[in-house]
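Below is one structure, written out as structure tokens; comments come after it.
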Amino acid sequence: MFANAYQGKKVFITGHTGFKGSWLAAWLLQLGAKVCGFAHDIPTTPANFTALNLKEHIQDVTGDIRDRAALLKALQAFQPDVVFHLAAQAIVRKSYADPVETFESNMLGTLNVLEAIRQTPSVQTAIIITSDKCYRNDEWVYGYRETDHLGGHDPYSASKGCAELIAHSYCQSFFQTGPACCTVRAGNVIGGGDWAQDRIVPDCARAWAAKEPVVLRNPQATRPWQHVLEPLSGYLWLGAKLLTAPDNQRLRGQAYNFGPRAEVCATVREVVEGLALHWPNFQFTMEHKDPKEQAECTLLKLCCDKALAHLNWQATLNFEETLRYTAEWYHCFYSQLAPVMLDFTLGQIAAYVTCATQRGQVWTA
């Protein structure tokens, strides 16, 4: 899998206590990597990081990516081969409440990570994870390409556009040789272990576990939903390719979108109804969105043709499978089986890999 590129490698993850970061850490452990994570705190209660008991399996460093000296010290102490940068303030609505933290974390934090990489010769490959919201959203019905305009009206989107520009500058100025660096963009990621605020799947899990109805603020909002393992497979495959010459020369400095197939685009209401098929006795109610509430896009999807052309990557799961994987994880957690969640999560990864192998995904070799 991934050309065995991560076996024995030292991998440094910023934001390893978050939803995507903890899934990435678990998968890397399964791939035989030695993992060190750097994060300010555990962002939610519950959290996937604690549910999987990852602290017992990886090197866990507490620190803020806005603290350049602490970040550099941690990176140089671990001497990683690969860096995945995921740490961020990731909630759009929170970016309105605290724009300073959002810009400092997402813009200055990315700068600090890149500078620490520049000063750590052991790093061979770096993947900088931003967001689909780094694009200026014009409410197009077709997917955004890597060459489309960056930026956004809300502080979160703007901060992610800035992070892309900073990363591009470092790639062109410092990483033409040395570490091979790329940026990657994905969005509307769902899966077990997400308890962030203002996200529909965690809202469902919390409410249904408490036998309460879910309130849908914007049931007709349409998104291209994808399971967390989908973009992670792209990140890991890109990282593996960057570790191997001559691929690293061809791919370095590029930006890549990772998103689902077109048929996985669905409304919030369709997601909730689909999840409910795997969670009995559900309820939900709808309310009209407050017109004074800060703007949130109704449609934003990515064109992933570049990832297909350069990496032969495409998503694996259909819409029903995406929802089933997600609902089954939460159902296991809330069925008092939390002590076995790492095994259950690794089992879902193995099932996903088997499915990807059967469907001919190139990264499974």
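For the structure tokens, the naming scheme is as follows: chains receive sequential letters (A, B, ...) according to their order of presentation, residues are indexed from 1 within each chain, and ligands are indexed from 1 in presentation order.
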
Check your understanding: Which residues in range 145-259 of chain A does DSSP call alpha helix (DSSP H)? List them as number ranges by chain.
Key -> A: 155-173, 200-209, 229-242, 247-251

Review point. Pick the closest to Pro231 in chain A from A:Pro260, A:Gly274, A:Gly37, A:Pro219: which is it, counting only C-alpha atoms?
Key: A:Pro260

Point to revise | Picked from range 103-331 of chain A by DSSP as strand (DSSP E), as a ChimeraX atom specification | key: /A:125-129,180-185,189-190,214-216,222-224,226-227,255-257,265-267,284-286

Preceding selection exported with C-alpha atoms as a compact mmCIF listing (two decimals), in the first residue's frame:
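Generated file (again-v2.txt):
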# COMPACT_ATOMS: atom_id res chain seq x y z
CA THR A 125 8.48 15.66 1.86
CA ALA A 126 5.83 18.08 3.17
CA ILE A 127 2.09 18.12 2.52
CA ILE A 128 0.36 21.38 3.47
CA ILE A 129 -3.38 20.83 3.96
CA ALA A 180 9.40 18.29 -1.98
CA CYS A 181 6.32 20.28 -0.90
CA CYS A 182 2.73 20.40 -2.18
CA THR A 183 -0.55 21.91 -1.01
CA VAL A 184 -3.78 19.94 -0.96
CA ARG A 185 -7.42 21.02 -0.78
CA VAL A 189 -15.22 15.67 5.09
CA ILE A 190 -17.30 13.41 7.33
CA VAL A 214 -31.56 17.27 15.31
CA VAL A 215 -32.26 20.83 14.20
CA LEU A 216 -31.32 21.53 10.57
CA THR A 222 -25.78 21.15 -1.06
CA ARG A 223 -22.28 19.75 -0.51
CA PRO A 224 -19.99 17.17 -2.16
CA GLN A 226 -16.69 12.56 1.30
CA HIS A 227 -15.52 10.16 3.98
CA ALA A 255 -1.55 22.13 -5.60
CA TYR A 256 -4.09 19.29 -5.72
CA ASN A 257 -7.82 18.98 -5.09
CA CYS A 265 -23.14 15.72 -3.92
CA ALA A 266 -26.27 15.90 -1.74
CA THR A 267 -28.28 18.20 0.49
CA PHE A 284 -34.97 15.92 13.09
CA THR A 285 -36.65 19.28 12.76
CA MET A 286 -36.02 22.15 10.39

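Within the 12 Å cut-off around Val100 in chain A, using only C-alpha atoms and omitting residues fewer than 3 positions from it on the same chain, the listed residues are Arg66, Gln89, Lys94, Ser95, Tyr96, Ala97, Phe103, Glu104, Ser105, Asn106, Met107, Leu108, Pro155, Tyr156, Ala158 and Ser159 of chain A.
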
Review point. With only C-alpha atoms as the basis for distance, which of A:Gln336, A:Gln361, A:Ser122, A:Asn137 is at the shortest distance from Phe78 in chain A?
Key: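 Closest to Phe78 in chain A, using only C-alpha atoms: A:Ser122.
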
Exercise for review: Name all residues at most 7 Å from range 165-171 of chain A (count only C-alpha atoms; drop same-chain ones fewer than 5 positions away) and give them as a list in words.
Suggested key: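 My reading of the contact set: Leu111, Gln176, Cys181 and Gly253 of chain A.
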
Requested write-out: N, CA and C atoms of the selected residues, as a PDB file, in the first residue's frame:
ATOM      1  N   LEU A 111       3.067  29.683   7.886  1.00  0.00           N
ATOM      2  CA  LEU A 111       4.402  30.270   7.694  1.00  0.00           C
ATOM      3  C   LEU A 111       5.410  29.628   8.643  1.00  0.00           C
ATOM      4  N   GLN A 176      12.766  24.337  -4.341  1.00  0.00           N
ATOM      5  CA  GLN A 176      13.041  23.796  -5.671  1.00  0.00           C
ATOM      6  C   GLN A 176      13.959  22.584  -5.573  1.00  0.00           C
ATOM      7  N   CYS A 181       7.487  19.767  -1.615  1.00  0.00           N
ATOM      8  CA  CYS A 181       6.321  20.277  -0.904  1.00  0.00           C
ATOM      9  C   CYS A 181       5.157  20.500  -1.865  1.00  0.00           C
ATOM     10  N   GLY A 253       5.817  21.419  -5.590  1.00  0.00           N
ATOM     11  CA  GLY A 253       5.314  22.773  -5.770  1.00  0.00           C
ATOM     12  C   GLY A 253       3.900  22.862  -6.311  1.00  0.00           C
TER      13      GLY A 253
END

Review point. Can you tell me, as a PyMOL selection string, what residues are no more than 9 Å from Arg324 in chain A when counting only C-alpha atoms, ignoring any on the same chain fewer than 5 positions away?
Key: chain A and resi 274-275+277-278+319+329

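Using only C-alpha atoms, the nearest neighbour of Glu56 in chain A within the list A:Ala309, A:Ala69, A:Leu342, A:Leu24 is A:Leu342.
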
Exercise for review: Please provide the set of residues having any atom within 10 Å of Lys20 in chain A, restricted to only C-alpha atoms, with same-chain residues fewer than 6 positions apart removed, written as a ChimeraX atom specification.
Suggested key: /A:48-49,86-87,189-191,193-194,228-229,231-232

Practice item. Excluding Ala51 in chain A and residues on its chain fewer than 4 positions from it, collect all residues at most 12 Å away from it, counting only C-alpha atoms, and give them as JSON, numbers by chain. Key: {"A": [17, 18, 19, 22, 23, 26, 42, 44, 45, 46, 47, 55, 56, 192, 193, 194, 195, 329, 330, 332, 333, 334, 336, 337, 338, 339, 340, 341, 342, 343, 344, 345]}

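Taking CA of Lys301 in chain A as the reference point, CA of Glu273 in chain A is found at 21.5 Å.
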
Check your understanding: Of the candidates A:Pro80, A:Gly109, A:Gly143, A:Gly234, which shows the shortest atom-to-atom distance to Lys160 in chain A, using only C-alpha atoms?
Key -> A:Gly109
